[in-house]
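Source file upload_32.pdb; content: PDB, C-alpha atoms and all ligand atoms.
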```pdb
ATOM      1  CA  MET L   1     -24.987  28.930 -10.901  1.00  0.00           C
ATOM      2  CA  LEU L   2     -24.476  25.570  -9.181  1.00  0.00           C
ATOM      3  CA  ALA L   3     -27.780  24.196  -8.018  1.00  0.00           C
ATOM      4  CA  LYS L   4     -26.858  21.374  -5.664  1.00  0.00           C
ATOM      5  CA  GLY L   5     -23.814  19.586  -4.373  1.00  0.00           C
ATOM      6  CA  ILE L   6     -22.381  16.363  -5.693  1.00  0.00           C
ATOM      7  CA  PHE L   7     -21.854  13.384  -3.421  1.00  0.00           C
ATOM      8  CA  ILE L   8     -19.186  10.781  -4.228  1.00  0.00           C
ATOM      9  CA  SER L   9     -18.295   7.794  -2.056  1.00  0.00           C
ATOM     10  CA  LEU L  10     -15.257   5.536  -2.242  1.00  0.00           C
ATOM     11  CA  GLU L  11     -15.654   1.888  -1.317  1.00  0.00           C
ATOM     12  CA  GLY L  12     -13.549  -1.262  -1.303  1.00  0.00           C
ATOM     13  CA  ILE L  13     -11.814  -3.580   1.129  1.00  0.00           C
ATOM     14  CA  ASP L  14      -8.895  -2.433   3.269  1.00  0.00           C
ATOM     15  CA  GLY L  15      -5.854  -1.826   1.120  1.00  0.00           C
ATOM     16  CA  SER L  16      -7.851  -1.318  -2.072  1.00  0.00           C
ATOM     17  CA  GLY L  17      -6.522   2.224  -2.422  1.00  0.00           C
ATOM     18  CA  LYS L  18      -9.378   4.427  -1.195  1.00  0.00           C
ATOM     19  CA  SER L  19      -7.271   6.853   0.840  1.00  0.00           C
ATOM     20  CA  THR L  20      -4.681   7.152  -1.912  1.00  0.00           C
ATOM     21  CA  LEU L  21      -7.316   7.846  -4.556  1.00  0.00           C
ATOM     22  CA  HIS L  22      -9.154  10.235  -2.245  1.00  0.00           C
ATOM     23  CA  GLN L  23      -6.124  12.517  -1.999  1.00  0.00           C
ATOM     24  CA  VAL L  24      -5.612  12.561  -5.759  1.00  0.00           C
ATOM     25  CA  ILE L  25      -9.261  13.279  -6.558  1.00  0.00           C
ATOM     26  CA  ARG L  26      -9.368  15.962  -3.907  1.00  0.00           C
ATOM     27  CA  GLN L  27      -6.306  17.758  -5.273  1.00  0.00           C
ATOM     28  CA  SER L  28      -7.584  17.516  -8.818  1.00  0.00           C
ATOM     29  CA  LEU L  29     -11.047  18.893  -8.034  1.00  0.00           C
ATOM     30  CA  LEU L  30      -9.904  21.602  -5.607  1.00  0.00           C
ATOM     31  CA  THR L  31      -8.549  23.756  -8.427  1.00  0.00           C
ATOM     32  CA  GLU L  32     -12.099  24.291  -9.728  1.00  0.00           C
ATOM     33  CA  TYR L  33     -14.561  23.310  -7.036  1.00  0.00           C
ATOM     34  CA  LYS L  34     -15.319  23.459  -3.344  1.00  0.00           C
ATOM     35  CA  VAL L  35     -14.483  20.027  -1.967  1.00  0.00           C
ATOM     36  CA  ILE L  36     -15.310  18.534   1.421  1.00  0.00           C
ATOM     37  CA  SER L  37     -13.596  15.277   2.383  1.00  0.00           C
ATOM     38  CA  VAL L  38     -14.945  12.935   5.039  1.00  0.00           C
ATOM     39  CA  ARG L  39     -14.068   9.472   6.221  1.00  0.00           C
ATOM     40  CA  GLU L  40     -16.149   6.799   7.912  1.00  0.00           C
ATOM     41  CA  PRO L  41     -16.469   6.206  10.728  1.00  0.00           C
ATOM     42  CA  GLY L  42     -15.544   9.688  11.898  1.00  0.00           C
ATOM     43  CA  GLY L  43     -15.582  13.285  10.777  1.00  0.00           C
ATOM     44  CA  THR L  44     -17.380  14.850  13.741  1.00  0.00           C
ATOM     45  CA  PHE L  45     -16.506  14.911  17.427  1.00  0.00           C
ATOM     46  CA  ILE L  46     -19.071  12.250  18.265  1.00  0.00           C
ATOM     47  CA  SER L  47     -18.303  10.144  15.192  1.00  0.00           C
ATOM     48  CA  GLU L  48     -14.568  10.152  15.959  1.00  0.00           C
ATOM     49  CA  LYS L  49     -15.344   8.879  19.473  1.00  0.00           C
ATOM     50  CA  ILE L  50     -17.346   6.059  17.902  1.00  0.00           C
ATOM     51  CA  ARG L  51     -14.449   5.410  15.487  1.00  0.00           C
ATOM     52  CA  GLU L  52     -12.079   4.911  18.417  1.00  0.00           C
ATOM     53  CA  LEU L  53     -14.437   2.312  19.892  1.00  0.00           C
ATOM     54  CA  LEU L  54     -14.860   0.471  16.615  1.00  0.00           C
ATOM     55  CA  LEU L  55     -11.253   0.301  15.512  1.00  0.00           C
ATOM     56  CA  ASP L  56      -9.639  -0.341  18.893  1.00  0.00           C
ATOM     57  CA  ILE L  57      -7.857  -3.675  18.748  1.00  0.00           C
ATOM     58  CA  LYS L  58      -8.850  -4.281  22.408  1.00  0.00           C
ATOM     59  CA  ASN L  59     -12.582  -4.349  21.603  1.00  0.00           C
ATOM     60  CA  GLN L  60     -12.713  -7.913  20.230  1.00  0.00           C
ATOM     61  CA  GLY L  61     -15.926  -8.691  22.114  1.00  0.00           C
ATOM     62  CA  ILE L  62     -18.092  -6.266  20.181  1.00  0.00           C
ATOM     63  CA  ALA L  63     -21.279  -7.947  18.911  1.00  0.00           C
ATOM     64  CA  PRO L  64     -22.035  -7.693  15.183  1.00  0.00           C
ATOM     65  CA  GLU L  65     -25.298  -5.887  15.940  1.00  0.00           C
ATOM     66  CA  THR L  66     -23.495  -3.382  18.177  1.00  0.00           C
ATOM     67  CA  GLU L  67     -20.934  -2.827  15.469  1.00  0.00           C
ATOM     68  CA  ALA L  68     -23.580  -2.204  12.790  1.00  0.00           C
ATOM     69  CA  ILE L  69     -25.493   0.247  14.951  1.00  0.00           C
ATOM     70  CA  LEU L  70     -22.361   2.139  15.984  1.00  0.00           C
ATOM     71  CA  TYR L  71     -21.320   2.597  12.351  1.00  0.00           C
ATOM     72  CA  ALA L  72     -24.806   3.781  11.530  1.00  0.00           C
ATOM     73  CA  ALA L  73     -24.779   6.181  14.482  1.00  0.00           C
ATOM     74  CA  ALA L  74     -21.478   7.672  13.366  1.00  0.00           C
ATOM     75  CA  ARG L  75     -22.876   8.054   9.852  1.00  0.00           C
ATOM     76  CA  ALA L  76     -26.077   9.751  11.011  1.00  0.00           C
ATOM     77  CA  GLN L  77     -24.058  12.354  12.898  1.00  0.00           C
ATOM     78  CA  LEU L  78     -21.699  12.912   9.964  1.00  0.00           C
ATOM     79  CA  ILE L  79     -24.619  13.517   7.590  1.00  0.00           C
ATOM     80  CA  LYS L  80     -26.340  15.961   9.945  1.00  0.00           C
ATOM     81  CA  GLU L  81     -23.260  17.973  10.834  1.00  0.00           C
ATOM     82  CA  ILE L  82     -21.174  17.863   7.681  1.00  0.00           C
ATOM     83  CA  ILE L  83     -22.485  16.123   4.565  1.00  0.00           C
ATOM     84  CA  ALA L  84     -26.002  17.570   4.290  1.00  0.00           C
ATOM     85  CA  PRO L  85     -24.903  21.185   4.945  1.00  0.00           C
ATOM     86  CA  ALA L  86     -22.007  20.834   2.473  1.00  0.00           C
ATOM     87  CA  LEU L  87     -24.306  19.499  -0.261  1.00  0.00           C
ATOM     88  CA  GLY L  88     -26.675  22.364   0.431  1.00  0.00           C
ATOM     89  CA  HIS L  89     -23.825  24.771  -0.284  1.00  0.00           C
ATOM     90  CA  ASP L  90     -22.883  23.278  -3.671  1.00  0.00           C
ATOM     91  CA  ASN L  91     -19.797  21.434  -2.495  1.00  0.00           C
ATOM     92  CA  ILE L  92     -18.458  18.209  -3.900  1.00  0.00           C
ATOM     93  CA  VAL L  93     -18.428  15.828  -0.948  1.00  0.00           C
ATOM     94  CA  ILE L  94     -16.032  12.877  -1.121  1.00  0.00           C
ATOM     95  CA  ALA L  95     -16.683  10.192   1.464  1.00  0.00           C
ATOM     96  CA  ASP L  96     -14.123   7.499   2.236  1.00  0.00           C
ATOM     97  CA  ARG L  97     -16.739   4.776   2.881  1.00  0.00           C
ATOM     98  CA  PHE L  98     -20.499   5.262   3.253  1.00  0.00           C
ATOM     99  CA  MET L  99     -23.621   3.101   3.481  1.00  0.00           C
ATOM    100  CA  ASP L 100     -22.359   0.339   1.159  1.00  0.00           C
ATOM    101  CA  SER L 101     -19.699  -0.517   3.756  1.00  0.00           C
ATOM    102  CA  THR L 102     -22.490  -1.469   6.174  1.00  0.00           C
ATOM    103  CA  ILE L 103     -23.944  -3.963   3.709  1.00  0.00           C
ATOM    104  CA  ALA L 104     -20.577  -5.348   2.625  1.00  0.00           C
ATOM    105  CA  TYR L 105     -18.988  -5.653   6.098  1.00  0.00           C
ATOM    106  CA  GLN L 106     -21.842  -6.220   8.517  1.00  0.00           C
ATOM    107  CA  GLY L 107     -24.096  -7.969   5.996  1.00  0.00           C
ATOM    108  CA  PHE L 108     -21.878 -10.094   3.781  1.00  0.00           C
ATOM    109  CA  GLY L 109     -18.870 -10.122   6.132  1.00  0.00           C
ATOM    110  CA  ARG L 110     -20.586 -10.717   9.494  1.00  0.00           C
ATOM    111  CA  GLY L 111     -23.772 -12.291   8.207  1.00  0.00           C
ATOM    112  CA  LEU L 112     -26.301  -9.853   9.673  1.00  0.00           C
ATOM    113  CA  ASP L 113     -29.722  -9.677   8.044  1.00  0.00           C
ATOM    114  CA  LEU L 114     -29.511  -7.572   4.883  1.00  0.00           C
ATOM    115  CA  LYS L 115     -33.049  -6.215   5.189  1.00  0.00           C
ATOM    116  CA  PHE L 116     -32.322  -4.984   8.719  1.00  0.00           C
ATOM    117  CA  LEU L 117     -29.138  -3.302   7.506  1.00  0.00           C
ATOM    118  CA  HIS L 118     -30.826  -1.617   4.541  1.00  0.00           C
ATOM    119  CA  GLU L 119     -33.498  -0.284   6.898  1.00  0.00           C
ATOM    120  CA  LEU L 120     -30.841   0.882   9.355  1.00  0.00           C
ATOM    121  CA  ASN L 121     -29.047   2.642   6.508  1.00  0.00           C
ATOM    122  CA  ASP L 122     -32.238   4.350   5.326  1.00  0.00           C
ATOM    123  CA  LEU L 123     -33.016   5.465   8.846  1.00  0.00           C
ATOM    124  CA  CYS L 124     -29.575   7.018   9.334  1.00  0.00           C
ATOM    125  CA  THR L 125     -29.190   8.590   5.932  1.00  0.00           C
ATOM    126  CA  GLY L 126     -32.789   9.761   5.579  1.00  0.00           C
ATOM    127  CA  GLY L 127     -32.594   8.318   2.070  1.00  0.00           C
ATOM    128  CA  LEU L 128     -29.491  10.304   1.087  1.00  0.00           C
ATOM    129  CA  LYS L 129     -27.375   8.299  -1.363  1.00  0.00           C
ATOM    130  CA  PRO L 130     -24.134   9.112  -3.145  1.00  0.00           C
ATOM    131  CA  ASP L 131     -24.573  10.305  -6.727  1.00  0.00           C
ATOM    132  CA  LEU L 132     -21.564   8.168  -7.623  1.00  0.00           C
ATOM    133  CA  THR L 133     -19.789   5.361  -5.795  1.00  0.00           C
ATOM    134  CA  LEU L 134     -16.365   4.229  -6.949  1.00  0.00           C
ATOM    135  CA  LEU L 135     -15.741   0.646  -5.890  1.00  0.00           C
ATOM    136  CA  LEU L 136     -12.040  -0.198  -5.886  1.00  0.00           C
ATOM    137  CA  ASP L 137     -11.967  -3.905  -6.538  1.00  0.00           C
ATOM    138  CA  ILE L 138      -8.929  -5.930  -5.509  1.00  0.00           C
ATOM    139  CA  THR L 139      -8.276  -9.472  -4.321  1.00  0.00           C
ATOM    140  CA  PRO L 140      -7.724  -9.710  -0.553  1.00  0.00           C
ATOM    141  CA  GLU L 141      -4.346 -11.321  -1.230  1.00  0.00           C
ATOM    142  CA  GLU L 142      -3.182  -8.355  -3.298  1.00  0.00           C
ATOM    143  CA  ALA L 143      -4.585  -5.894  -0.752  1.00  0.00           C
ATOM    144  CA  GLN L 144      -2.769  -7.667   2.048  1.00  0.00           C
ATOM    145  CA  LYS L 145       0.533  -7.423   0.186  1.00  0.00           C
ATOM    146  CA  ARG L 146       0.029  -3.691  -0.180  1.00  0.00           C
ATOM    147  CA  LYS L 147      -0.698  -3.242   3.508  1.00  0.00           C
ATOM    148  CA  ALA L 148       1.891  -5.694   4.796  1.00  0.00           C
ATOM    149  CA  LYS L 149       4.016  -2.960   6.296  1.00  0.00           C
ATOM    150  CA  GLU L 150       1.216  -1.186   8.116  1.00  0.00           C
ATOM    151  CA  ARG L 151      -0.108  -2.160  11.551  1.00  0.00           C
ATOM    152  CA  PRO L 152      -3.541  -3.783  11.260  1.00  0.00           C
ATOM    153  CA  ASP L 153      -6.542  -2.338  13.113  1.00  0.00           C
ATOM    154  CA  ARG L 154      -9.321  -4.519  14.556  1.00  0.00           C
ATOM    155  CA  LEU L 155     -11.195  -5.107  11.296  1.00  0.00           C
ATOM    156  CA  GLU L 156      -8.086  -5.582   9.221  1.00  0.00           C
ATOM    157  CA  LYS L 157      -7.096  -8.422  11.550  1.00  0.00           C
ATOM    158  CA  GLU L 158     -10.145 -10.414  10.421  1.00  0.00           C
ATOM    159  CA  GLY L 159      -8.111 -12.164   7.751  1.00  0.00           C
ATOM    160  CA  ILE L 160      -8.471 -13.186   4.141  1.00  0.00           C
ATOM    161  CA  GLY L 161     -11.711 -15.206   4.519  1.00  0.00           C
ATOM    162  CA  PHE L 162     -13.573 -12.223   5.930  1.00  0.00           C
ATOM    163  CA  GLN L 163     -12.184  -9.857   3.308  1.00  0.00           C
ATOM    164  CA  LYS L 164     -13.272 -12.277   0.555  1.00  0.00           C
ATOM    165  CA  LYS L 165     -16.857 -12.223   1.809  1.00  0.00           C
ATOM    166  CA  VAL L 166     -16.779  -8.429   1.986  1.00  0.00           C
ATOM    167  CA  ARG L 167     -15.414  -8.198  -1.548  1.00  0.00           C
ATOM    168  CA  GLN L 168     -18.172 -10.472  -2.867  1.00  0.00           C
ATOM    169  CA  GLY L 169     -20.722  -8.332  -1.071  1.00  0.00           C
ATOM    170  CA  TYR L 170     -19.425  -5.209  -2.741  1.00  0.00           C
ATOM    171  CA  LEU L 171     -19.539  -6.884  -6.163  1.00  0.00           C
ATOM    172  CA  ARG L 172     -23.136  -7.952  -5.526  1.00  0.00           C
ATOM    173  CA  LEU L 173     -24.097  -4.393  -4.593  1.00  0.00           C
ATOM    174  CA  ALA L 174     -22.425  -3.093  -7.754  1.00  0.00           C
ATOM    175  CA  ALA L 175     -24.325  -5.617  -9.869  1.00  0.00           C
ATOM    176  CA  GLU L 176     -27.603  -4.489  -8.263  1.00  0.00           C
ATOM    177  CA  ASP L 177     -26.964  -0.773  -8.777  1.00  0.00           C
ATOM    178  CA  ALA L 178     -24.720  -0.423 -11.805  1.00  0.00           C
ATOM    179  CA  VAL L 179     -25.850   3.155 -12.444  1.00  0.00           C
ATOM    180  CA  ARG L 180     -24.523   4.474  -9.125  1.00  0.00           C
ATOM    181  CA  ILE L 181     -21.700   2.054  -8.354  1.00  0.00           C
ATOM    182  CA  LYS L 182     -18.782   1.890 -10.786  1.00  0.00           C
ATOM    183  CA  ILE L 183     -16.202  -0.847 -10.356  1.00  0.00           C
ATOM    184  CA  ILE L 184     -12.595   0.197 -10.817  1.00  0.00           C
ATOM    185  CA  THR L 185     -10.230  -2.755 -10.996  1.00  0.00           C
ATOM    186  CA  ALA L 186      -7.106  -2.314  -8.902  1.00  0.00           C
ATOM    187  CA  ARG L 187      -4.020  -1.708 -11.007  1.00  0.00           C
ATOM    188  CA  GLU L 188      -1.297   0.904 -11.301  1.00  0.00           C
ATOM    189  CA  GLN L 189      -2.206   4.163  -9.636  1.00  0.00           C
ATOM    190  CA  GLU L 190      -2.184   6.266 -12.804  1.00  0.00           C
ATOM    191  CA  ALA L 191      -4.788   4.127 -14.565  1.00  0.00           C
ATOM    192  CA  VAL L 192      -7.005   4.001 -11.477  1.00  0.00           C
ATOM    193  CA  GLN L 193      -6.862   7.770 -11.143  1.00  0.00           C
ATOM    194  CA  LYS L 194      -7.663   8.347 -14.788  1.00  0.00           C
ATOM    195  CA  GLU L 195     -10.698   6.078 -14.716  1.00  0.00           C
ATOM    196  CA  ALA L 196     -11.972   7.598 -11.462  1.00  0.00           C
ATOM    197  CA  LEU L 197     -11.634  11.141 -12.772  1.00  0.00           C
ATOM    198  CA  GLN L 198     -13.445  10.217 -15.979  1.00  0.00           C
ATOM    199  CA  TYR L 199     -16.453   9.060 -13.980  1.00  0.00           C
ATOM    200  CA  ILE L 200     -16.368  12.143 -11.796  1.00  0.00           C
ATOM    201  CA  LYS L 201     -15.971  14.607 -14.670  1.00  0.00           C
ATOM    202  CA  GLY L 202     -18.849  12.867 -16.437  1.00  0.00           C
ATOM    203  CA  LEU L 203     -21.070  13.323 -13.409  1.00  0.00           C
ATOM    204  CA  ILE L 204     -20.086  16.971 -12.982  1.00  0.00           C
ATOM    205  CA  ALA L 205     -20.805  17.686 -16.658  1.00  0.00           C
ATOM    206  CA  ALA L 206     -24.193  15.971 -16.450  1.00  0.00           C
ATOM    207  CA  ARG L 207     -25.126  17.809 -13.252  1.00  0.00           C
ATOM    208  CA  TRP L 208     -23.596  21.240 -13.654  1.00  0.00           C
ATOM    209  CA  GLY L 209     -22.965  21.446 -17.420  1.00  0.00           C
TER     210      GLY L 209
HETATM  211  N1  LIG O   1      -2.799   1.660  -7.361  1.00  0.00           N
HETATM  212  C1  LIG O   1      -1.984   1.242  -6.405  1.00  0.00           C
HETATM  213  N2  LIG O   1      -0.987   0.382  -6.685  1.00  0.00           N
HETATM  214  C2  LIG O   1      -0.153  -0.069  -5.717  1.00  0.00           C
HETATM  215  N3  LIG O   1      -0.210   0.295  -4.414  1.00  0.00           N
HETATM  216  C3  LIG O   1      -1.189   1.156  -4.063  1.00  0.00           C
HETATM  217  C4  LIG O   1      -2.126   1.666  -5.024  1.00  0.00           C
HETATM  218  N4  LIG O   1      -2.994   2.482  -4.374  1.00  0.00           N
HETATM  219  C5  LIG O   1      -2.615   2.472  -3.082  1.00  0.00           C
HETATM  220  N5  LIG O   1      -1.533   1.702  -2.882  1.00  0.00           N
HETATM  221  C6  LIG O   1      -0.843   1.419  -1.596  1.00  0.00           C
HETATM  222  O1  LIG O   1      -1.597   0.411  -0.935  1.00  0.00           O
HETATM  223  C7  LIG O   1      -1.707   0.691   0.457  1.00  0.00           C
HETATM  224  C8  LIG O   1      -3.170   0.823   0.833  1.00  0.00           C
HETATM  225  O2  LIG O   1      -3.725   1.952   0.178  1.00  0.00           O
HETATM  226  P1  LIG O   1      -4.800   2.883   0.883  1.00  0.00           P
HETATM  227  O3  LIG O   1      -5.058   4.016  -0.049  1.00  0.00           O
HETATM  228  O4  LIG O   1      -4.395   3.195   2.271  1.00  0.00           O
HETATM  229  O5  LIG O   1      -6.047   1.880   0.881  1.00  0.00           O
HETATM  230  P2  LIG O   1      -7.378   1.933   1.759  1.00  0.00           P
HETATM  231  O6  LIG O   1      -7.567   3.355   2.157  1.00  0.00           O
HETATM  232  O7  LIG O   1      -8.428   1.454   0.807  1.00  0.00           O
HETATM  233  O8  LIG O   1      -7.164   0.987   2.895  1.00  0.00           O
HETATM  234  C9  LIG O   1      -0.904   1.959   0.700  1.00  0.00           C
HETATM  235  O9  LIG O   1       0.359   1.594   1.166  1.00  0.00           O
HETATM  236  C10 LIG O   1      -0.836   2.620  -0.662  1.00  0.00           C
HETATM  237  O10 LIG O   1       0.321   3.393  -0.823  1.00  0.00           O
HETATM  238 MG    MG O   2      -7.966   4.236   3.946  1.00  0.00          MG
END
```
Before we go any further, please render this structure as structure tokens.
Amino acid sequence: MLAKGIFISLEGIDGSGKSTLHQVIRQSLLTEYKVISVREPGGTFISEKIRELLLDIKNQGIAPETEAILYAAARAQLIKEIIAPALGHDNIVIADRFMDSTIAYQGFGRGLDLKFLHELNDLCTGGLKPDLTLLLDITPEEAQKRKAKERPDRLEKEGIGFQKKVRQGYLRLAAEDAVRIKIITAREQEAVQKEALQYIKGLIAARWG
């Protein structure tokens, strides 16, 4: 009998391979488990509205504080409507971005106060944290090459300097919480997948036996 759901988040700068890995993990786990996939910001009616605001290339004037609070608002709604109920029903929840994005982007990227952001995160999540966070680590240059053909959204237009700060922020978070956050170095898809699934299978075995 499964006692409680498992919560996995995927983090990393744009182009690090989160969406690609998400699909693979999802397909692999679906054969044996109930899997709920969510992406940030979004996933509920209200959160998708907030996503449109945040990613719209026309909204260049958005203040860093506004941005941080909007992300947090979208997250709070996603937890209430989707993540918490799914975990209560023994699902594996895979989130494409979660609270670490707030620290990496709005904290290290935009320079907002880290204490404020941690408190904002705690307020919105009610203390809920992923059991496992896979951080896909890649240089911004390499990520940009991968995404060269795609049309950039508002945040992706920030450029290499911004992405470098975000990457360093992620690495700092991983160093501070090495138990939860596992760094996966960007390389060929097969190796990334294998490493990710090893971490996930390890967690499932530890939790559900
Ligand atoms: N391991 C990999 N090696 C090379 N290219 C990759 C790899 N993983 C993803 N890609 C490609 O890089 C681009 C960005 O990947 P994506 O999964 O959309 O990243 P993210 O969701 O983190 O922005 C896509 O075009 C994808 O096909
Ligand atoms: Mg993606």
Discussion item. For a quick check of understanding, using all atoms listed in the file, which of L:Ile92, L:Asp100, L:Glu81, L:Lys49 has the smallest distance to L:Ala68?
Written reply: L:Asp100
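When all atoms listed in the file are used to compute distances to ligand MG 2 (chain O), the closest of the residues L:Lys34, L:Arg146, L:Lys129, L:Lys115 turns out to be L:Arg146.
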Starting from the shown file, work through the PyMOL selection byres (((chain L and resi 35) around 8) and not hetatm) and note down what comes out as a PDB file with C-alpha atoms, keeping the file's coordinate frame.
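Generated output (expr07.pdb):
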```
ATOM      1  CA  ARG L  26      -9.368  15.962  -3.907  1.00  0.00           C
ATOM      2  CA  LEU L  29     -11.047  18.893  -8.034  1.00  0.00           C
ATOM      3  CA  LEU L  30      -9.904  21.602  -5.607  1.00  0.00           C
ATOM      4  CA  TYR L  33     -14.561  23.310  -7.036  1.00  0.00           C
ATOM      5  CA  LYS L  34     -15.319  23.459  -3.344  1.00  0.00           C
ATOM      6  CA  ILE L  36     -15.310  18.534   1.421  1.00  0.00           C
ATOM      7  CA  SER L  37     -13.596  15.277   2.383  1.00  0.00           C
ATOM      8  CA  ASN L  91     -19.797  21.434  -2.495  1.00  0.00           C
ATOM      9  CA  ILE L  92     -18.458  18.209  -3.900  1.00  0.00           C
ATOM     10  CA  VAL L  93     -18.428  15.828  -0.948  1.00  0.00           C
ATOM     11  CA  ILE L  94     -16.032  12.877  -1.121  1.00  0.00           C
TER      12      ILE L  94
END
```
Item to complete: Throw together the list of residues within 8 Å of ligand MG 2 (chain O), counting all atoms listed in the file, and drop it here as a count of residues only.
Response: 7
Item to complete: Could you please extract the residues within 9 Å of ligand LIG 1 (chain O), counting all atoms listed in the file, and hand them back as a PyMOL selection string?
Response: chain L and resi 10-23+96+136+143-150+186-193
Item to complete: Report the residues retrieved by the PyMOL selection byres (((chain L and resi 99) around 10) and not hetatm) from the displayed file, expressed as an MDAnalysis selection string.
Response: chainID L and resid 9 11 40 71:72 75 97:98 100:104 117:118 120:122 124:125 128:130
Worksheet item: Can you list what the PyMOL selection byres (((chain L and resi 197) around 12) and not hetatm) grabs from this structure, as a PyMOL selection string?
Response: chain L and resi 8+21-22+24-29+132+134+182+184+190-196+198-205
Item to complete: Please check which residues have atoms at most 12 Å from (-15.7, -10.8, 7.7) in the file's coordinates, counting only C-alpha atoms, and write them as a PyMOL selection string.
Response: chain L and resi 13-14+64+101-112+140+154-169
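Counting from atom CA of L:Ile82, the distance to atom CA of L:Leu123 is 17.2 Å.
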Discussion item. I'd like the interatomic distance between atom CA of L:Gly43 and atom CA of L:Glu65, to a tenth of an Å.
Written reply: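 Interatomic distance, atom CA of L:Gly43 to atom CA of L:Glu65: 22.1 Å.
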